[in-house]
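Asks: Below is the file protein16.tsv, which contains TSV, C-alpha atoms.
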chain	number	residue	atom	x	y	z
A	18	MET	CA	104.63	43.25	209.82
A	19	SER	CA	102.02	41.96	207.40
A	20	VAL	CA	99.27	42.40	209.99
A	21	ASN	CA	100.26	46.01	210.55
A	22	LYS	CA	100.44	46.56	206.79
A	23	ASN	CA	96.95	45.13	206.35
A	24	LYS	CA	95.62	47.31	209.15
A	25	SER	CA	97.19	50.35	207.51
A	26	THR	CA	95.59	49.43	204.16
A	27	VAL	CA	92.18	48.99	205.76
A	28	ARG	CA	92.57	52.28	207.60
A	29	SER	CA	93.50	54.19	204.42
A	30	ALA	CA	90.62	52.57	202.52
A	31	SER	CA	88.19	53.57	205.26
A	32	PHE	CA	89.25	57.20	204.86
A	33	ALA	CA	89.11	57.07	201.05
A	34	LEU	CA	85.36	56.59	200.93
A	35	PRO	CA	84.40	59.69	202.98
A	36	GLY	CA	86.80	61.75	200.84
A	37	TRP	CA	85.18	60.47	197.65
A	38	LEU	CA	81.72	61.11	199.07
A	39	GLN	CA	82.76	64.61	200.04
A	40	GLN	CA	83.97	65.37	196.51
A	41	GLN	CA	80.85	63.92	194.88
A	42	SER	CA	78.34	65.13	197.47
A	43	MET	CA	76.81	67.89	195.35
A	44	PRO	CA	76.39	65.88	192.10
A	45	LEU	CA	74.85	63.02	194.11
A	46	ALA	CA	72.58	65.43	195.98
A	47	TYR	CA	71.43	67.04	192.74
A	48	GLY	CA	70.84	63.64	191.13
A	49	VAL	CA	68.61	62.60	194.03
A	50	LEU	CA	66.83	65.97	193.97
A	51	PHE	CA	66.21	65.70	190.23
A	52	LEU	CA	64.78	62.18	190.52
A	53	VAL	CA	62.51	63.11	193.40
A	54	LEU	CA	61.20	66.21	191.64
A	55	SER	CA	60.66	64.28	188.39
A	56	VAL	CA	58.35	61.91	190.25
A	57	THR	CA	56.61	64.32	192.62
A	58	VAL	CA	56.25	67.59	190.67
A	59	GLU	CA	53.85	67.61	187.74
A	60	ASN	CA	55.34	68.69	184.39
A	61	PHE	CA	58.86	69.03	185.86
A	62	PHE	CA	60.34	66.32	183.63
A	63	SER	CA	58.66	67.57	180.45
A	64	SER	CA	60.96	68.66	177.63
A	65	THR	CA	59.34	72.09	177.58
A	66	ASN	CA	60.05	72.65	181.28
A	67	LEU	CA	63.61	71.31	181.10
A	68	ILE	CA	64.46	73.63	178.20
A	69	GLY	CA	62.81	76.46	180.12
A	70	LEU	CA	64.93	75.55	183.15
A	71	MET	CA	68.12	75.74	181.09
A	72	LEU	CA	66.98	79.02	179.56
A	73	SER	CA	66.26	80.51	182.98
A	74	VAL	CA	69.79	79.78	184.23
A	75	SER	CA	71.59	80.77	181.04
A	76	GLN	CA	72.64	84.23	182.24
A	77	ILE	CA	73.51	83.06	185.77
A	78	GLY	CA	75.54	80.19	184.32
A	79	MET	CA	77.48	82.42	181.93
A	80	VAL	CA	78.50	84.83	184.67
A	81	ALA	CA	79.16	81.99	187.15
A	82	CYS	CA	81.89	80.72	184.81
A	83	THR	CA	83.85	83.96	185.23
A	84	MET	CA	82.83	84.53	188.87
A	85	MET	CA	84.45	81.14	189.45
A	86	LEU	CA	87.77	82.64	188.33
A	87	CYS	CA	87.29	85.69	190.59
A	88	LEU	CA	86.51	83.55	193.63
A	89	ALA	CA	89.31	81.10	192.82
A	90	SER	CA	91.77	84.02	192.84
A	91	ARG	CA	90.46	85.11	196.28
A	92	ASP	CA	88.34	88.00	194.92
A	93	PHE	CA	84.67	88.49	194.06
A	94	ASP	CA	82.54	90.92	192.07
A	95	LEU	CA	79.32	92.46	193.38
A	96	SER	CA	78.85	94.66	190.31
A	97	VAL	CA	77.74	91.95	187.85
A	98	GLY	CA	74.01	92.63	188.28
A	99	SER	CA	74.47	96.33	187.58
A	100	THR	CA	76.73	95.55	184.61
A	101	ILE	CA	74.05	93.28	183.13
A	102	ALA	CA	71.46	96.04	183.42
A	103	PHE	CA	73.77	98.77	182.08
A	104	SER	CA	75.01	96.73	179.12
A	105	GLY	CA	71.43	95.89	178.15
A	106	VAL	CA	70.40	99.54	178.36
A	107	LEU	CA	73.47	100.74	176.47
A	108	GLY	CA	73.04	98.13	173.74
A	109	ALA	CA	69.38	99.10	173.34
A	110	LEU	CA	70.22	102.81	173.17
A	111	ILE	CA	72.93	102.29	170.53
A	112	LEU	CA	70.59	100.06	168.54
A	113	GLU	CA	67.85	102.70	168.75
A	114	ARG	CA	70.23	105.44	167.63
A	115	PHE	CA	72.21	103.70	164.87
A	116	ASP	CA	70.11	100.59	164.04
A	117	HIS	CA	73.31	98.52	163.85
A	118	ILE	CA	73.69	95.24	165.77
A	119	GLY	CA	77.49	95.23	165.56
A	120	LEU	CA	77.77	98.68	167.12
A	121	ALA	CA	75.27	97.79	169.85
A	122	VAL	CA	77.06	94.58	170.79
A	123	GLY	CA	80.52	96.12	170.49
A	124	GLY	CA	79.63	99.17	172.57
A	125	ALA	CA	78.04	97.16	175.35
A	126	VAL	CA	80.90	94.63	175.46
A	127	LEU	CA	83.48	97.44	175.52
A	128	ALA	CA	81.63	99.06	178.42
A	129	GLY	CA	81.61	95.74	180.28
A	130	ALA	CA	85.34	95.30	179.66
A	131	LEU	CA	86.06	98.80	180.99
A	132	ILE	CA	83.94	98.20	184.10
A	133	GLY	CA	85.68	94.90	184.76
A	134	ALA	CA	89.16	96.31	184.13
A	135	GLY	CA	88.35	99.24	186.40
A	136	ASN	CA	87.44	96.84	189.19
A	137	GLY	CA	90.67	94.95	188.60
A	138	VAL	CA	92.82	98.09	188.74
A	139	LEU	CA	91.14	99.27	191.94
A	140	ILE	CA	91.68	95.92	193.62
A	141	ALA	CA	95.06	94.84	192.26
A	142	TYR	CA	96.96	98.13	191.90
A	143	LEU	CA	95.22	100.57	194.25
A	144	ARG	CA	94.68	97.82	196.87
A	145	VAL	CA	91.03	98.69	197.49
A	146	ASN	CA	89.20	95.89	199.25
A	147	ALA	CA	87.19	93.83	196.71
A	148	LEU	CA	84.00	94.27	198.75
A	149	ILE	CA	84.27	98.06	198.78
A	150	ALA	CA	85.52	98.39	195.19
A	151	THR	CA	82.83	96.25	193.57
A	152	LEU	CA	80.10	97.57	195.88
A	153	ALA	CA	80.97	101.11	194.78
A	154	THR	CA	81.03	100.00	191.14
A	155	MET	CA	77.69	98.27	191.59
A	156	LEU	CA	76.09	101.51	192.77
A	157	MET	CA	77.78	103.73	190.18
A	158	VAL	CA	77.02	101.49	187.20
A	159	ARG	CA	73.40	101.01	188.30
A	160	GLY	CA	73.05	104.77	188.67
A	161	LEU	CA	74.64	105.33	185.27
A	162	GLY	CA	72.12	102.94	183.75
A	163	PHE	CA	69.24	104.98	185.17
A	164	ILE	CA	70.85	108.23	184.01
A	165	VAL	CA	71.42	107.27	180.38
A	166	SER	CA	67.94	105.71	180.12
A	167	HIS	CA	66.24	108.52	182.07
A	168	GLY	CA	64.91	105.86	184.40
A	169	GLN	CA	62.84	104.24	181.66
A	170	ALA	CA	63.03	100.92	179.84
A	171	VAL	CA	64.55	101.24	176.36
A	172	GLY	CA	62.49	99.21	173.89
A	173	ILE	CA	64.06	96.99	171.24
A	174	ALA	CA	62.29	96.45	167.92
A	175	HIS	CA	65.16	95.12	165.80
A	176	GLU	CA	64.23	91.54	164.83
A	177	GLY	CA	67.84	90.55	164.23
A	178	PHE	CA	68.81	91.54	167.76
A	179	ILE	CA	65.75	89.95	169.32
A	180	SER	CA	66.70	86.67	167.65
A	181	PHE	CA	69.66	86.43	170.05
A	182	GLY	CA	67.12	85.69	172.75
A	183	ASP	CA	64.65	83.40	170.98
A	184	ALA	CA	66.50	81.79	168.03
A	185	ARG	CA	66.85	77.99	168.14
A	186	ILE	CA	69.61	75.78	166.80
A	187	LEU	CA	69.12	72.00	166.87
A	188	GLY	CA	66.04	72.58	168.99
A	189	LEU	CA	67.90	74.49	171.72
A	190	PRO	CA	67.55	78.23	172.36
A	191	LEU	CA	70.63	80.26	171.47
A	192	PRO	CA	71.20	81.43	175.09
A	193	VAL	CA	71.42	77.77	176.18
A	194	LEU	CA	73.99	77.06	173.48
A	195	VAL	CA	76.00	80.11	174.59
A	196	LEU	CA	75.80	78.78	178.16
A	197	ILE	CA	77.16	75.39	177.07
A	198	LEU	CA	79.93	77.10	175.12
A	199	CYS	CA	80.91	79.15	178.20
A	200	PHE	CA	81.18	76.04	180.37
A	201	VAL	CA	83.31	74.29	177.76
A	202	VAL	CA	85.62	77.29	177.18
A	203	PHE	CA	86.13	78.16	180.84
A	204	GLY	CA	86.47	74.50	181.77
A	205	VAL	CA	89.40	74.30	179.36
A	206	VAL	CA	90.79	77.61	180.64
A	207	LEU	CA	90.65	76.47	184.27
A	208	ASN	CA	92.01	72.96	183.80
A	209	HIS	CA	94.30	73.08	180.78
A	210	THR	CA	95.91	76.51	180.57
A	211	VAL	CA	98.61	78.43	182.41
A	212	PHE	CA	96.03	81.17	183.01
A	213	GLY	CA	93.82	78.75	184.96
A	214	ARG	CA	96.69	77.25	186.96
A	215	ASN	CA	98.00	80.70	187.86
A	216	THR	CA	94.51	81.80	188.91
A	217	LEU	CA	94.30	78.92	191.38
A	218	ALA	CA	97.85	79.62	192.52
A	219	ILE	CA	96.98	83.24	193.30
A	220	GLY	CA	93.97	82.12	195.31
A	221	GLY	CA	96.00	79.55	197.19
A	222	ASN	CA	98.82	81.91	198.14
A	223	PRO	CA	99.32	85.17	196.22
A	224	ASP	CA	102.73	85.90	197.76
A	225	ALA	CA	104.07	82.45	196.89
A	226	ALA	CA	102.60	82.76	193.39
A	227	GLU	CA	104.41	86.07	192.86
A	228	LEU	CA	107.68	84.59	194.10
A	229	ALA	CA	107.17	81.75	191.61
A	230	GLY	CA	107.05	84.25	188.76
A	231	VAL	CA	103.30	84.76	188.36
A	232	LYS	CA	102.40	88.33	187.40
A	233	VAL	CA	99.69	88.59	190.03
A	234	LYS	CA	98.45	92.16	189.49
A	235	PRO	CA	98.00	92.02	185.69
A	236	LEU	CA	96.37	88.59	185.98
A	237	ARG	CA	93.82	89.87	188.49
A	238	VAL	CA	92.97	92.74	186.14
A	239	TRP	CA	92.52	90.28	183.26
A	240	ILE	CA	90.23	88.11	185.39
A	241	PHE	CA	87.96	91.06	186.12
A	242	LEU	CA	88.12	92.25	182.51
A	243	ILE	CA	86.94	88.83	181.31
A	244	GLN	CA	84.26	88.94	183.99
A	245	GLY	CA	83.04	92.26	182.58
A	246	VAL	CA	82.99	91.05	178.97
A	247	VAL	CA	81.00	87.89	179.73
A	248	THR	CA	78.63	89.80	182.01
A	249	ALA	CA	77.98	92.35	179.24
A	250	LEU	CA	77.21	89.53	176.80
A	251	ALA	CA	74.78	88.08	179.34
A	252	GLY	CA	73.15	91.51	179.65
A	253	LEU	CA	72.72	91.77	175.89
A	254	ILE	CA	71.13	88.31	175.72
A	255	LEU	CA	68.79	89.22	178.59
A	256	ALA	CA	67.81	92.44	176.81
A	257	ALA	CA	67.11	90.46	173.64
A	258	ARG	CA	64.96	87.98	175.57
A	259	ILE	CA	62.81	90.68	177.21
A	260	THR	CA	63.01	92.97	174.11
A	261	SER	CA	64.16	95.97	176.13
A	262	GLY	CA	67.03	97.37	178.14
A	263	GLN	CA	65.87	97.62	181.76
A	264	PRO	CA	67.93	99.79	184.15
A	265	ASN	CA	66.45	97.93	187.12
A	266	ALA	CA	67.13	94.45	185.71
A	267	ALA	CA	69.17	91.74	187.49
A	268	GLN	CA	68.80	93.10	191.02
A	269	GLY	CA	70.28	90.56	193.43
A	270	PHE	CA	71.84	88.73	190.48
A	271	GLU	CA	75.32	88.81	192.02
A	272	LEU	CA	74.15	86.90	195.09
A	273	ASP	CA	72.60	84.16	192.96
A	274	VAL	CA	75.84	83.81	190.99
A	275	ILE	CA	78.04	83.65	194.10
A	276	SER	CA	75.62	81.18	195.72
A	277	ALA	CA	75.79	78.92	192.67
A	278	CYS	CA	79.60	79.01	192.67
A	279	VAL	CA	79.91	78.26	196.38
A	280	LEU	CA	77.33	75.48	196.15
A	281	GLY	CA	79.46	74.06	193.36
A	282	GLY	CA	82.56	73.84	195.52
A	283	VAL	CA	84.34	77.11	194.70
A	284	SER	CA	86.03	78.17	197.92
A	285	LEU	CA	85.45	81.67	199.27
A	286	LEU	CA	89.04	81.50	200.51
A	287	GLY	CA	90.34	80.98	196.97
A	288	GLY	CA	92.52	78.33	195.40
A	289	ARG	CA	89.82	75.72	194.74
A	290	ALA	CA	87.28	75.50	191.89
A	291	THR	CA	85.86	72.99	189.43
A	292	ILE	CA	83.77	73.78	186.36
A	293	SER	CA	81.60	70.70	186.89
A	294	GLY	CA	80.86	71.84	190.43
A	295	VAL	CA	79.82	75.29	189.20
A	296	LEU	CA	77.47	73.61	186.70
A	297	ILE	CA	75.84	71.63	189.53
A	298	GLY	CA	75.53	74.77	191.64
A	299	VAL	CA	73.86	76.67	188.80
A	300	LEU	CA	71.45	73.77	188.20
A	301	ILE	CA	70.54	73.56	191.89
A	302	MET	CA	69.73	77.28	192.02
A	303	GLY	CA	67.72	77.10	188.80
A	304	THR	CA	65.88	73.91	189.74
A	305	VAL	CA	64.75	75.26	193.11
A	306	GLU	CA	63.41	78.43	191.47
A	307	ASN	CA	61.80	76.41	188.68
A	308	VAL	CA	59.96	74.16	191.11
A	309	MET	CA	58.76	77.13	193.16
A	310	ASN	CA	57.35	78.66	189.97
A	311	LEU	CA	55.65	75.39	189.02
A	312	LYS	CA	54.11	75.28	192.50
A	313	ASP	CA	53.08	78.96	192.27
A	314	VAL	CA	55.07	79.86	195.37
A	315	ASP	CA	54.76	83.55	196.22
A	316	THR	CA	57.70	85.76	195.17
A	317	PHE	CA	58.36	86.82	198.76
A	318	TYR	CA	58.92	83.21	199.79
A	319	GLN	CA	61.23	82.79	196.81
A	320	TYR	CA	63.42	85.60	198.17
A	321	LEU	CA	63.44	83.84	201.53
A	322	MET	CA	64.51	80.58	199.90
A	323	ARG	CA	67.30	82.28	197.95
A	324	GLY	CA	68.63	83.70	201.21
A	325	VAL	CA	68.48	80.27	202.85
A	326	ILE	CA	70.38	78.75	199.91
A	327	LEU	CA	73.08	81.45	200.13
A	328	LEU	CA	73.51	80.87	203.86
A	329	ALA	CA	73.58	77.10	203.36
A	330	ALA	CA	76.19	77.49	200.61
A	331	VAL	CA	78.50	79.54	202.86
A	332	MET	CA	78.08	77.13	205.78
A	333	PHE	CA	78.74	74.18	203.48
A	334	ASP	CA	81.91	75.87	202.22
A	335	GLN	CA	83.10	76.40	205.80
A	336	TRP	CA	82.37	72.74	206.63
A	337	ARG	CA	84.37	71.58	203.62
A	338	THR	CA	87.27	73.90	204.53
A	339	ARG	CA	87.34	72.59	208.11
A	340	GLY	CA	87.21	69.03	206.75
A	341	ARG	CA	90.25	69.65	204.55
A	342	HIS	CA	92.33	71.23	207.31
A	343	GLY	CA	90.91	69.27	210.23
Output the file's structure in the form of structure tokens.
Replies:
Amino acid sequence: MSVNKNKSTVRSASFALPGWLQQQSMPLAYGVLFLVLSVTVENFFSSTNLIGLMLSVSQIGMVACTMMLCLASRDFDLSVGSTIAFSGVLGALILERFDHIGLAVGGAVLAGALIGAGNGVLIAYLRVNALIATLATMLMVRGLGFIVSHGQAVGIAHEGFISFGDARILGLPLPVLVLILCFVVFGVVLNHTVFGRNTLAIGGNPDAAELAGVKVKPLRVWIFLIQGVVTALAGLILAARITSGQPNAAQGFELDVISACVLGGVSLLGGRATISGVLIGVLIMGTVENVMNLKDVDTFYQYLMRGVILLAAVMFDQWRTRGRHG
């Protein structure tokens, strides 16, 4: 009896280690990558470059926090890049017309909320496939951005608005502080609120969640509405950083965000997400791009690498899913 019990204990311990390694694989991989790059790439570990790295991923990180909720609920949003561009253009136009920061921010955020809520209604109530719904929204919102701007960049000269992009608090740029705030807020939402638990429940099994009393359709609309609000804020910060609203900004942005989430362990099948994993995924995406810029890698090769990372992220997600059910 005791021999069998010991064998069982040894057997369970032997399976515990691979499970732990599987859960911590991405943080460990990023830690190794960071150490190697710090030693081998000149200027990578400098404070200037590290702050620049955080600044470069600030918009992707903000939107990844809400894309995490969409993916966790078994949906996704391809319209975030277009929403970033449109909100930046709209904010710049309102600022040019009325010279009022509050109106510019409020108008752009309201537009983002309406775009997100519209996606949610199409998907939850009208039962349009998320791919088709958000792809259509992506095209319409991008087109609307070109229409209202007449296909031209809308310049921003208001110093107060520009400060959103270059102001520093405690030595950190404001966009980086907003990024940190987003991770803290949505980490709490995911792990410590009914909203977060219900989001994961919907992704795990929407029918069972509805039978358990979760209001699935309104919750899905709220998830997309929050996605739209945060994306609009990211668009305003981007417009402040580049001092203009660009209708062609953030092309391919949605793929970078989804790649970061999947790299961070958010399942494409829904029901599984961690905020720390999303942070690691965002850092991996940003670090790879940062190193390619430091090495003066041609832009065309950077597109190739982004595609490779996206494919690797999807394959890694499938491997993890097979490991859980295998």
Asks: List the spatial neighbours of range 90-94 of chain A as an mmCIF file with C-alpha atoms, in the coordinates of the input - criterion: any atom at most 10 Å away, all atoms listed in the file, same-chain residues fewer than 2 positions off excluded.
Replies:
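Resulting contents of part01.cif:
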data_model
loop_
_atom_site.group_PDB
_atom_site.id
_atom_site.type_symbol
_atom_site.label_atom_id
_atom_site.label_comp_id
_atom_site.auth_asym_id
_atom_site.auth_seq_id
_atom_site.Cartn_x
_atom_site.Cartn_y
_atom_site.Cartn_z
ATOM 1 C CA THR A 83 83.850 83.960 185.230
ATOM 2 C CA MET A 84 82.830 84.530 188.870
ATOM 3 C CA MET A 85 84.450 81.140 189.450
ATOM 4 C CA LEU A 86 87.770 82.640 188.330
ATOM 5 C CA CYS A 87 87.290 85.690 190.590
ATOM 6 C CA LEU A 88 86.510 83.550 193.630
ATOM 7 C CA SER A 96 78.850 94.660 190.310
ATOM 8 C CA VAL A 97 77.740 91.950 187.850
ATOM 9 C CA GLY A 98 74.010 92.630 188.280
ATOM 10 C CA GLY A 133 85.680 94.900 184.760
ATOM 11 C CA ASN A 136 87.440 96.840 189.190
ATOM 12 C CA GLY A 137 90.670 94.950 188.600
ATOM 13 C CA ILE A 140 91.680 95.920 193.620
ATOM 14 C CA ALA A 141 95.060 94.840 192.260
ATOM 15 C CA ASN A 146 89.200 95.890 199.250
ATOM 16 C CA ALA A 147 87.190 93.830 196.710
ATOM 17 C CA LEU A 148 84.000 94.270 198.750
ATOM 18 C CA ILE A 149 84.270 98.060 198.780
ATOM 19 C CA ALA A 150 85.520 98.390 195.190
ATOM 20 C CA THR A 151 82.830 96.250 193.570
ATOM 21 C CA LEU A 152 80.100 97.570 195.880
ATOM 22 C CA THR A 154 81.030 100.000 191.140
ATOM 23 C CA MET A 155 77.690 98.270 191.590
ATOM 24 C CA GLY A 213 93.820 78.750 184.960
ATOM 25 C CA ASN A 215 98.000 80.700 187.860
ATOM 26 C CA THR A 216 94.510 81.800 188.910
ATOM 27 C CA LEU A 217 94.300 78.920 191.380
ATOM 28 C CA ALA A 218 97.850 79.620 192.520
ATOM 29 C CA ILE A 219 96.980 83.240 193.300
ATOM 30 C CA GLY A 220 93.970 82.120 195.310
ATOM 31 C CA GLY A 221 96.000 79.550 197.190
ATOM 32 C CA ASN A 222 98.820 81.910 198.140
ATOM 33 C CA PRO A 223 99.320 85.170 196.220
ATOM 34 C CA VAL A 233 99.690 88.590 190.030
ATOM 35 C CA LEU A 236 96.370 88.590 185.980
ATOM 36 C CA ARG A 237 93.820 89.870 188.490
ATOM 37 C CA ILE A 240 90.230 88.110 185.390
ATOM 38 C CA PHE A 241 87.960 91.060 186.120
ATOM 39 C CA GLN A 244 84.260 88.940 183.990
ATOM 40 C CA GLY A 245 83.040 92.260 182.580
ATOM 41 C CA GLU A 271 75.320 88.810 192.020
ATOM 42 C CA LEU A 272 74.150 86.900 195.090
ATOM 43 C CA VAL A 274 75.840 83.810 190.990
ATOM 44 C CA ILE A 275 78.040 83.650 194.100
ATOM 45 C CA SER A 284 86.030 78.170 197.920
ATOM 46 C CA LEU A 285 85.450 81.670 199.270
ATOM 47 C CA LEU A 286 89.040 81.500 200.510
ATOM 48 C CA GLY A 287 90.340 80.980 196.970
ATOM 49 C CA GLY A 288 92.520 78.330 195.400
ATOM 50 C CA ARG A 289 89.820 75.720 194.740
ATOM 51 C CA ALA A 290 87.280 75.500 191.890
#
Asks: One decimal, in Å: what's the spacing between CA of Val299 in chain A and CA of Ile77 in chain A?
Replies: 7.1 Å
Asks: Work out how far CA of Gly177 in chain A is from CA of Val247 in chain A, in Å to one decimal.
Replies: 20.5 Å
Asks: Rank nothing, just name the residue among A:Asn310, A:Thr304, A:Gln76, A:Thr210 nearest to Leu191 in chain A, using all atoms listed in the file.
Replies: A:Gln76
Asks: Would you kindly return, as a list in words, each protein, DNA or RNA residue with an atom no farther than 7 Å from any atom of Ala125 in chain A, considering only C-alpha atoms and excluding same-chain residues fewer than 5 positions away?
Replies: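 My reading of the contact set: Ser104, Leu107, Gly108 and Ala249 of chain A.
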Asks: Excluding Val158 in chain A and residues on its chain fewer than 3 positions from it, collect all residues at most 9 Å away from it, counting all atoms listed in the file, and give them as number ranges by chain.
Replies: A: 96, 99-100, 102-103, 132, 153-155, 161-163
Asks: Mind pulling up the distance from CA of Ala267 in chain A to CA of Leu187 in chain A?
Replies: 28.5 Å
Asks: A:Leu194, A:Ile292, A:Leu95, A:Leu242: which is nearest Leu131 in chain A, counting only C-alpha atoms?
Replies: A:Leu242
Asks: Taking 6 positions as the minimum chain separation for residues in the same chain, which residues sit within 10 Å of Phe61 in chain A when counting all atoms listed in the file? Answer as a list in words.
Replies: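 The neighbour list is Phe51, Leu54, Ser55, Leu67, Leu70, Thr304, Asn307, Val308 and Leu311 of chain A.
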Asks: Looking at A:Val211, A:Leu198, A:Ile243, A:Met71, which one is nearest to Gly129 in chain A, with distances taken over only C-alpha atoms?
Replies: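 Smallest distance to Gly129 in chain A is found for A:Ile243.
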Asks: Here is a test: counting all atoms listed in the file, which residue of A:Ile254, A:Val53, A:Leu328, A:Val206 is nearest to Ile179 in chain A?
Replies: A:Ile254
Asks: Name the residues within 12 Å of (78.7, 80.3, 175.9), counting only C-alpha atoms in the file's coordinates, and put them as a PDB file with C-alpha atoms, in the frame of the given file.
Replies:
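Output file part25.pdb is given in full below:
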ATOM      1  CA  SER A  75      71.590  80.770 181.040  1.00  0.00           C
ATOM      2  CA  GLN A  76      72.640  84.230 182.240  1.00  0.00           C
ATOM      3  CA  ILE A  77      73.510  83.060 185.770  1.00  0.00           C
ATOM      4  CA  GLY A  78      75.540  80.190 184.320  1.00  0.00           C
ATOM      5  CA  MET A  79      77.480  82.420 181.930  1.00  0.00           C
ATOM      6  CA  VAL A  80      78.500  84.830 184.670  1.00  0.00           C
ATOM      7  CA  ALA A  81      79.160  81.990 187.150  1.00  0.00           C
ATOM      8  CA  CYS A  82      81.890  80.720 184.810  1.00  0.00           C
ATOM      9  CA  THR A  83      83.850  83.960 185.230  1.00  0.00           C
ATOM     10  CA  PRO A 190      67.550  78.230 172.360  1.00  0.00           C
ATOM     11  CA  LEU A 191      70.630  80.260 171.470  1.00  0.00           C
ATOM     12  CA  PRO A 192      71.200  81.430 175.090  1.00  0.00           C
ATOM     13  CA  VAL A 193      71.420  77.770 176.180  1.00  0.00           C
ATOM     14  CA  LEU A 194      73.990  77.060 173.480  1.00  0.00           C
ATOM     15  CA  VAL A 195      76.000  80.110 174.590  1.00  0.00           C
ATOM     16  CA  LEU A 196      75.800  78.780 178.160  1.00  0.00           C
ATOM     17  CA  ILE A 197      77.160  75.390 177.070  1.00  0.00           C
ATOM     18  CA  LEU A 198      79.930  77.100 175.120  1.00  0.00           C
ATOM     19  CA  CYS A 199      80.910  79.150 178.200  1.00  0.00           C
ATOM     20  CA  PHE A 200      81.180  76.040 180.370  1.00  0.00           C
ATOM     21  CA  VAL A 201      83.310  74.290 177.760  1.00  0.00           C
ATOM     22  CA  VAL A 202      85.620  77.290 177.180  1.00  0.00           C
ATOM     23  CA  PHE A 203      86.130  78.160 180.840  1.00  0.00           C
ATOM     24  CA  GLY A 204      86.470  74.500 181.770  1.00  0.00           C
ATOM     25  CA  VAL A 246      82.990  91.050 178.970  1.00  0.00           C
ATOM     26  CA  VAL A 247      81.000  87.890 179.730  1.00  0.00           C
ATOM     27  CA  THR A 248      78.630  89.800 182.010  1.00  0.00           C
ATOM     28  CA  LEU A 250      77.210  89.530 176.800  1.00  0.00           C
ATOM     29  CA  ALA A 251      74.780  88.080 179.340  1.00  0.00           C
ATOM     30  CA  ILE A 254      71.130  88.310 175.720  1.00  0.00           C
TER      31      ILE A 254
END
Asks: Specify the axis-aligned box that encloses all atoms of range 96-112 of chain A listed in the file after padding of 5 Å on each side, stating its centre and edge lengths in Å to one decimal as AutoDock Vina command-line options.
Replies:
--center_x 74.1 --center_y 97.4 --center_z 179.4 --size_x 19.5 --size_y 20.9 --size_z 31.8
Asks: Just checking: using all atoms listed in the file, which residue out of A:Gly172, A:Pro44, A:Gly105, A:Gly160 ends up closest to Val295 in chain A?
Replies: A:Pro44
Asks: Pick out the residues sitting within 9 Å of Thr291 in chain A, and hand them over as a short mmCIF file (atom, residue, chain, number, x, y, z; two decimals) with C-alpha atoms, in the frame of the given file; count only C-alpha atoms, and ignore anything fewer than 3 positions along from it in its own chain.
Replies:
data_model
loop_
_atom_site.label_atom_id
_atom_site.label_comp_id
_atom_site.auth_asym_id
_atom_site.auth_seq_id
_atom_site.Cartn_x
_atom_site.Cartn_y
_atom_site.Cartn_z
CA MET A 85 84.45 81.14 189.45
CA GLY A 204 86.47 74.50 181.77
CA LEU A 207 90.65 76.47 184.27
CA ASN A 208 92.01 72.96 183.80
CA GLY A 281 79.46 74.06 193.36
CA GLY A 282 82.56 73.84 195.52
CA VAL A 283 84.34 77.11 194.70
CA GLY A 294 80.86 71.84 190.43
CA VAL A 295 79.82 75.29 189.20
CA LEU A 296 77.47 73.61 186.70
#
Asks: Just range 188-198 of chain A, please, as a compact mmCIF listing (two decimals), in the first residue's frame (only N, CA and C atoms).
Replies:
# COMPACT_ATOMS: atom_id res chain seq x y z
N GLY A 188 9.24 61.08 -14.46
CA GLY A 188 10.20 60.62 -15.45
C GLY A 188 9.64 59.70 -16.51
N LEU A 189 8.36 59.34 -16.40
CA LEU A 189 7.74 58.43 -17.38
C LEU A 189 6.76 59.21 -18.26
N PRO A 190 6.76 58.93 -19.57
CA PRO A 190 5.79 59.58 -20.45
C PRO A 190 4.36 59.24 -20.04
N LEU A 191 3.45 60.18 -20.24
CA LEU A 191 2.06 59.98 -19.86
C LEU A 191 1.44 58.75 -20.52
N PRO A 192 1.70 58.47 -21.82
CA PRO A 192 1.13 57.25 -22.41
C PRO A 192 1.56 55.98 -21.68
N VAL A 193 2.78 55.94 -21.18
CA VAL A 193 3.25 54.76 -20.43
C VAL A 193 2.48 54.62 -19.12
N LEU A 194 2.24 55.75 -18.45
CA LEU A 194 1.47 55.72 -17.21
C LEU A 194 0.03 55.28 -17.47
N VAL A 195 -0.55 55.73 -18.58
CA VAL A 195 -1.91 55.29 -18.95
C VAL A 195 -1.90 53.78 -19.22
N LEU A 196 -0.85 53.30 -19.88
CA LEU A 196 -0.72 51.86 -20.14
C LEU A 196 -0.69 51.08 -18.84
N ILE A 197 0.12 51.52 -17.88
CA ILE A 197 0.20 50.84 -16.58
C ILE A 197 -1.15 50.85 -15.89
N LEU A 198 -1.84 51.99 -15.95
CA LEU A 198 -3.16 52.10 -15.34
C LEU A 198 -4.14 51.12 -15.97
